[in-house]
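Enquirer: Okay, so here is coords.cif, and as you'll see once you scroll down, it has mmCIF, C-alpha atoms.
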```cif
data_protein
#
loop_
_atom_site.label_atom_id
_atom_site.label_comp_id
_atom_site.auth_asym_id
_atom_site.auth_seq_id
_atom_site.Cartn_x
_atom_site.Cartn_y
_atom_site.Cartn_z
CA PHE H 1 0.00 0.00 0.00
CA GLY H 2 1.56 3.21 1.28
CA SER H 3 1.87 5.47 -1.77
CA SER H 4 0.60 9.01 -1.92
CA LEU H 5 -1.70 10.56 -4.48
CA GLN H 6 -0.51 13.28 -6.78
CA HIS H 7 -3.47 15.65 -7.07
CA HIS H 8 -3.69 17.93 -10.07
CA GLN H 9 -6.72 19.68 -8.56
CA THR H 10 -8.13 20.10 -5.08
CA PHE H 11 -10.87 17.76 -3.89
CA GLU H 12 -13.21 20.72 -3.66
CA SER H 13 -12.75 21.71 -7.28
CA GLN H 14 -13.03 18.07 -8.39
CA PHE H 15 -16.17 17.33 -6.42
CA LEU H 16 -17.99 20.65 -6.72
CA ASN H 17 -17.25 20.99 -10.41
CA ALA H 18 -17.68 17.38 -11.54
CA ILE H 19 -19.83 17.12 -14.62
CA PRO H 20 -23.20 15.67 -13.59
CA ALA H 21 -23.62 13.88 -16.92
CA MET H 22 -22.18 10.46 -17.55
CA ALA H 23 -18.65 10.41 -18.92
CA GLU H 24 -17.07 7.54 -20.81
CA PRO H 25 -15.51 4.90 -18.54
CA VAL H 26 -11.74 4.45 -18.48
CA THR H 27 -10.15 0.99 -18.11
CA MET H 28 -7.31 0.64 -15.62
CA GLN H 29 -5.58 -2.17 -13.76
CA ALA H 30 -4.19 -2.62 -10.26
CA TYR H 31 -2.12 -5.19 -8.43
CA VAL H 32 -3.79 -6.83 -5.44
CA PRO H 33 -1.60 -5.75 -2.48
CA ASP H 34 0.18 -8.11 -0.07
CA GLY H 35 -1.97 -9.30 2.81
CA VAL H 36 -5.26 -9.00 0.89
CA GLU H 37 -7.34 -12.18 0.75
CA VAL H 38 -10.53 -13.09 -1.11
CA GLY H 39 -13.39 -10.83 0.00
CA MET H 40 -11.16 -8.17 1.55
CA ASN H 41 -11.28 -4.59 0.24
CA PHE H 42 -8.27 -2.66 -1.00
CA ASN H 43 -8.01 0.96 -2.10
CA VAL H 44 -6.92 2.03 -5.57
CA SER H 45 -6.09 5.60 -6.57
CA THR H 46 -6.97 6.71 -10.09
CA PRO H 47 -5.07 9.28 -12.15
CA ASP H 48 -7.73 11.94 -11.39
CA GLY H 49 -7.34 11.52 -7.61
CA GLN H 50 -10.35 9.32 -6.83
CA VAL H 51 -9.86 6.47 -4.39
CA LEU H 52 -11.99 3.44 -5.27
CA GLN H 53 -12.45 0.39 -3.09
CA LEU H 54 -12.10 -2.97 -4.82
CA SER H 55 -13.16 -6.25 -3.22
CA CYS H 56 -10.65 -9.05 -3.88
CA PRO H 57 -12.47 -11.64 -6.03
CA GLU H 58 -12.29 -15.44 -5.91
CA GLY H 59 -9.25 -16.88 -7.66
CA VAL H 60 -7.13 -13.74 -7.33
CA GLY H 61 -4.41 -13.10 -4.76
CA PRO H 62 -1.62 -10.71 -3.80
CA GLY H 63 0.58 -9.59 -6.67
CA GLU H 64 -1.99 -10.44 -9.33
CA LEU H 65 -3.51 -7.89 -11.68
CA VAL H 66 -7.21 -7.07 -11.81
CA SER H 67 -8.87 -4.86 -14.41
CA PHE H 68 -11.60 -2.31 -13.70
CA GLN H 69 -13.38 0.62 -15.29
CA TYR H 70 -14.23 3.89 -13.58
CA ILE H 71 -15.82 7.20 -14.50
CA PRO H 72 -13.18 9.96 -14.46
CA LEU H 73 -13.90 13.34 -12.95
CA THR H 74 -13.82 16.24 -15.37
CA GLU H 75 -14.29 19.93 -14.86
CA ALA H 76 -17.77 21.22 -15.48
CA PRO H 77 -18.08 23.61 -18.40
CA ALA H 78 -18.93 27.23 -17.69
CA ASP H 79 -22.60 27.57 -16.83
CA ASP H 80 -24.13 29.73 -19.54
CA THR H 81 -27.71 28.52 -19.04
CA GLY H 82 -28.62 31.46 -16.80
CA ILE H 83 -30.12 28.98 -14.32
CA GLU H 84 -28.89 29.33 -10.75
CA LEU H 85 -28.93 26.59 -8.16
CA HIS H 86 -31.33 27.03 -5.29
CA GLU H 87 -29.45 27.87 -2.07
CA ASP H 88 -30.63 24.59 -0.45
CA ASP H 89 -29.24 22.62 -3.41
CA ARG H 90 -25.96 24.55 -3.31
CA LEU H 91 -25.64 23.82 0.44
CA ARG H 92 -26.35 20.09 -0.11
CA LEU H 93 -23.68 20.00 -2.82
CA GLU H 94 -21.14 21.74 -0.60
CA LEU H 95 -21.89 19.43 2.34
CA GLY H 96 -21.75 16.40 0.05
CA ALA H 97 -18.39 17.55 -1.36
CA ALA H 98 -17.00 17.99 2.16
CA ALA H 99 -18.25 14.51 3.17
CA ALA H 100 -16.78 12.92 0.01
CA LYS H 101 -13.48 14.74 0.56
CA ALA H 102 -13.26 13.50 4.15
CA ARG H 103 -14.02 9.91 3.13
CA GLN H 104 -11.50 9.99 0.27
CA GLU H 105 -8.84 11.27 2.70
CA GLU H 106 -9.68 8.40 5.12
CA LEU H 107 -9.29 5.86 2.34
CA GLU H 108 -6.01 7.40 1.19
CA ALA H 109 -4.66 7.40 4.76
CA ALA H 110 -5.49 3.67 5.02
CA GLY H 111 -3.16 3.02 2.07
CA VAL H 112 -3.64 2.83 -1.67
CA VAL H 113 -2.19 1.11 -4.69
CA GLU H 114 -1.87 3.14 -7.86
CA ALA H 115 -4.01 2.27 -10.86
CA ILE H 116 -1.98 1.56 -13.98
CA HIS H 117 -2.88 1.69 -17.65
CA PRO H 118 -3.51 -1.70 -19.21
CA PRO H 119 -0.90 -3.18 -21.54
CA PRO H 120 -1.55 -3.14 -25.31
CA TYR H 121 -2.48 -6.84 -25.34
CA GLU H 122 -5.78 -8.42 -24.30
CA PHE H 123 -6.08 -8.92 -20.53
CA THR H 124 -7.25 -12.40 -19.53
CA GLY H 125 -7.44 -11.95 -15.74
CA PHE H 126 -10.34 -10.85 -13.55
CA THR H 127 -12.30 -7.78 -14.70
CA TYR H 128 -14.78 -6.01 -12.42
CA PRO H 129 -18.18 -4.98 -13.79
CA PRO H 130 -17.91 -1.22 -14.53
CA ALA H 131 -19.34 1.55 -12.36
CA SER H 132 -21.48 4.16 -14.08
CA PHE H 133 -21.00 6.87 -11.45
CA ALA H 134 -17.91 8.57 -10.02
CA THR H 135 -17.14 9.85 -6.57
CA GLY H 136 -18.36 13.43 -6.45
CA MET H 137 -21.14 13.08 -9.03
CA ASN H 138 -24.73 14.07 -8.42
CA ALA H 139 -27.35 11.38 -9.03
CA ILE H 140 -30.94 10.46 -8.23
CA VAL H 141 -31.34 7.57 -5.75
CA THR H 142 -34.41 5.46 -5.07
CA ARG H 143 -34.96 5.43 -1.30
CA SER H 144 -36.27 2.47 0.69
CA SER H 145 -39.71 4.15 0.69
CA GLY H 146 -39.73 4.08 -3.13
CA GLU H 147 -39.35 7.86 -3.36
CA GLU H 148 -36.47 9.40 -5.26
CA SER H 149 -34.02 11.98 -3.90
CA GLY H 150 -31.06 13.88 -5.21
CA CYS H 151 -27.79 12.53 -3.82
CA TYR H 152 -24.04 12.95 -3.99
CA ILE H 153 -21.77 9.93 -4.63
CA MET H 154 -19.38 9.63 -1.66
CA GLU H 155 -17.79 6.24 -2.33
CA VAL H 156 -17.54 3.68 -5.12
CA PHE H 157 -16.96 -0.01 -4.32
CA LEU H 158 -16.16 -2.39 -7.15
CA THR H 159 -17.16 -5.98 -6.42
CA ALA H 160 -17.44 -9.18 -8.45
CA MET H 161 -21.25 -8.81 -8.25
CA GLY H 162 -21.24 -5.24 -9.56
CA PRO H 163 -20.56 -1.74 -8.24
CA LEU H 164 -21.89 -0.49 -4.90
CA TYR H 165 -22.08 3.12 -3.75
CA THR H 166 -22.36 5.17 -0.58
CA VAL H 167 -24.41 8.29 -1.32
CA TYR H 168 -24.87 11.45 0.72
CA LEU H 169 -28.47 12.63 1.13
CA GLY H 170 -28.04 15.58 3.50
CA GLU H 171 -27.93 16.18 7.25
CA ASP H 172 -30.31 15.17 10.01
CA GLU H 173 -31.60 17.60 12.66
CA ALA H 174 -28.54 16.94 14.84
CA GLY H 175 -26.15 17.75 11.98
CA GLY H 176 -25.20 14.13 11.28
CA GLN H 177 -24.78 12.83 7.76
CA ILE H 178 -27.64 10.97 6.12
CA THR H 179 -26.15 8.36 3.80
CA LYS H 180 -27.38 5.28 1.96
CA ASN H 181 -25.54 2.28 0.62
CA CYS H 182 -26.97 1.26 -2.73
CA GLU H 183 -26.50 -0.69 -5.92
CA GLU H 184 -26.20 0.63 -9.46
CA ALA H 185 -29.90 -0.18 -10.08
CA ASP H 186 -30.88 2.26 -7.27
CA LEU H 187 -29.25 5.21 -9.07
CA ARG H 188 -29.98 7.18 -12.19
CA GLU H 189 -28.33 10.15 -13.84
CA TYR H 190 -29.09 13.56 -12.37
CA PRO H 191 -30.91 15.65 -14.97
CA ALA H 192 -28.76 18.29 -16.62
CA ALA H 193 -29.85 21.91 -16.24
#
```
Give the structure from the file, written as structure tokens.
Expert:
Amino acid sequence: FGSSLQHHQTFESQFLNAIPAMAEPVTMQAYVPDGVEVGMNFNVSTPDGQVLQLSCPEGVGPGELVSFQYIPLTEAPADDTGIELHEDDRLRLELGAAAAKARQEELEAAGVVEAIHPPPYEFTGFTYPPASFATGMNAIVTRSSGEESGCYIMEVFLTAMGPLYTVYLGEDEAGGQITKNCEEADLREYPAA
């Protein structure tokens, strides 16, 4: 583990200015670190500074390569629509960005392996199902009540069964974070302005 991320932008600019629309996924690879066994999570840093959690799949062990896809963060284009965010929405985005930043820093402090670009030949090892959302993106989540709410992607977990997410929904009356763990099927793209 134990490498540090080289950030080209601050977390705040990444997470507050991430494009809400879906970007094209990027394929990367990572070596399973020493000491990681089947079912254990390990943290992988991507070139854009995201830290993803991967769950070690069956048949793969330390020192072996796994392949995964992720959605890179990109800067949002200048807003020329003339539409301004409601203050409540702006506050939720800022709180969500702060929560995502804190969680990414926790993951980085726990240790990361660097993602690497795949070689020019066809990879025959384990490949995770791709995630459609990136840390720091806005999305719509279906709540346990069946209602939908705007949310902020705090964490992305890649597992053999498909991606999982922790999303930020806001704060409770005591100022604590309201989060939900969900599957890809619980999320949809946040509508563009």
Enquirer: Apply the PyMOL selection byres ((chain H and resi 163) around 7) to the displayed file and report the matching residues as a PyMOL selection string.
Expert: chain H and resi 129-131+156-159+162+164-165+183-184
Enquirer: Apply the PyMOL selection byres ((chain H and resi 27) around 10) to the structure shown and report the selected residues as a CSV table (one decimal) with C-alpha atoms, in the frame of the given file.
Expert:
```csv
chain,number,residue,atom,x,y,z
H,24,GLU,CA,-17.1,7.5,-20.8
H,25,PRO,CA,-15.5,4.9,-18.5
H,26,VAL,CA,-11.7,4.4,-18.5
H,28,MET,CA,-7.3,0.6,-15.6
H,29,GLN,CA,-5.6,-2.2,-13.8
H,67,SER,CA,-8.9,-4.9,-14.4
H,68,PHE,CA,-11.6,-2.3,-13.7
H,69,GLN,CA,-13.4,0.6,-15.3
H,70,TYR,CA,-14.2,3.9,-13.6
H,71,ILE,CA,-15.8,7.2,-14.5
H,115,ALA,CA,-4.0,2.3,-10.9
H,116,ILE,CA,-2.0,1.6,-14.0
H,117,HIS,CA,-2.9,1.7,-17.6
H,118,PRO,CA,-3.5,-1.7,-19.2
H,127,THR,CA,-12.3,-7.8,-14.7
H,130,PRO,CA,-17.9,-1.2,-14.5
```
Enquirer: Name the residues captured by the PyMOL selection byres ((chain H and resi 166) around 6) when it is applied to the shown file; answer as JSON, numbers by chain.
Expert: {"H": [154, 155, 165, 167, 180, 181]}
Enquirer: Rounded to one decimal place, report the CA of Gly59 in chain H-CA of Glu108 in chain H distance in Å.
Expert: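 Answer for the CA of Gly59 in chain H to CA of Glu108 in chain H separation: 26.0 Å.
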Enquirer: Excluding same-chain residues fewer than 5 positions from Asp88 in chain H, what lies within 12 Å of it counting all atoms listed in the file, as number ranges by chain?
Expert: H: 93-95, 150, 170-171
Enquirer: Just write the chosen residues, C-alpha atoms, as a PDB file, keeping the file's coordinate frame.
Expert:
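Here's the written file out_16.pdb:
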```
ATOM      1  CA  LEU H  93     -23.680  20.000  -2.820  1.00  0.00           C
ATOM      2  CA  GLU H  94     -21.140  21.740  -0.600  1.00  0.00           C
ATOM      3  CA  LEU H  95     -21.890  19.430   2.340  1.00  0.00           C
ATOM      4  CA  GLY H 150     -31.060  13.880  -5.210  1.00  0.00           C
ATOM      5  CA  GLY H 170     -28.040  15.580   3.500  1.00  0.00           C
ATOM      6  CA  GLU H 171     -27.930  16.180   7.250  1.00  0.00           C
TER       7      GLU H 171
END
```
Enquirer: Would you mind telling me which residue in H:Ala99, H:Met161, H:Cys56, H:Gly146 lies nearest to Val38 in chain H when using all atoms listed in the file?
Expert: H:Cys56
Enquirer: Need the shell around Phe42 in chain H: protein/DNA/RNA residues with any atom at most 7 Å away, counting only C-alpha atoms. Skip same-chain ones fewer than 2 positions apart. Format as a list in words?
Expert: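 Answer for this query is Met40, Val44, Gln53, Leu54 and Ser55 of chain H.
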Enquirer: Have a look at CA of Asp186 in chain H and CA of Gly136 in chain H and let me know their distance in Å, one decimal.
Expert: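 About the pair CA of Asp186 in chain H and CA of Gly136 in chain H: they are 16.8 Å apart.
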Enquirer: What gap, in Å, lies between CA of Arg103 in chain H and CA of Thr179 in chain H?
Expert: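 Spanning CA of Arg103 in chain H to CA of Thr179 in chain H is a straight-line distance of 12.2 Å.
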Enquirer: Would you please work out which residue, of H:Ser149, H:Gly111, H:Leu169, H:Gly176, is nearest to Arg188 in chain H when using all atoms listed in the file?
Expert: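 The closest residue to Arg188 in chain H is H:Ser149.
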Enquirer: Of the candidates H:Glu37, H:Asp48, H:Glu106, H:Glu189, which one gets nearest to Thr142 in chain H if we count all atoms listed in the file?
Expert: H:Glu189
Enquirer: Taking into account all atoms listed in the file, which residue in the set H:Ala102, H:Val112, H:Ala97, H:Leu107 is nearest to Pro33 in chain H?
Expert: H:Val112
Enquirer: Kindly indicate which residue among H:Cys151, H:Ala160, H:Ile178, H:Ala134 lies nearest to Val60 in chain H, using all atoms listed in the file for the distances.
Expert: H:Ala160
Enquirer: Identify which of the residues H:Thr74, H:Asn138, H:Thr124, H:Ser144 lies closest to Gly49 in chain H, counting only C-alpha atoms when measuring atom-to-atom distances.
Expert: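 Residue with the minimum atom-to-atom distance to Gly49 in chain H: H:Thr74.
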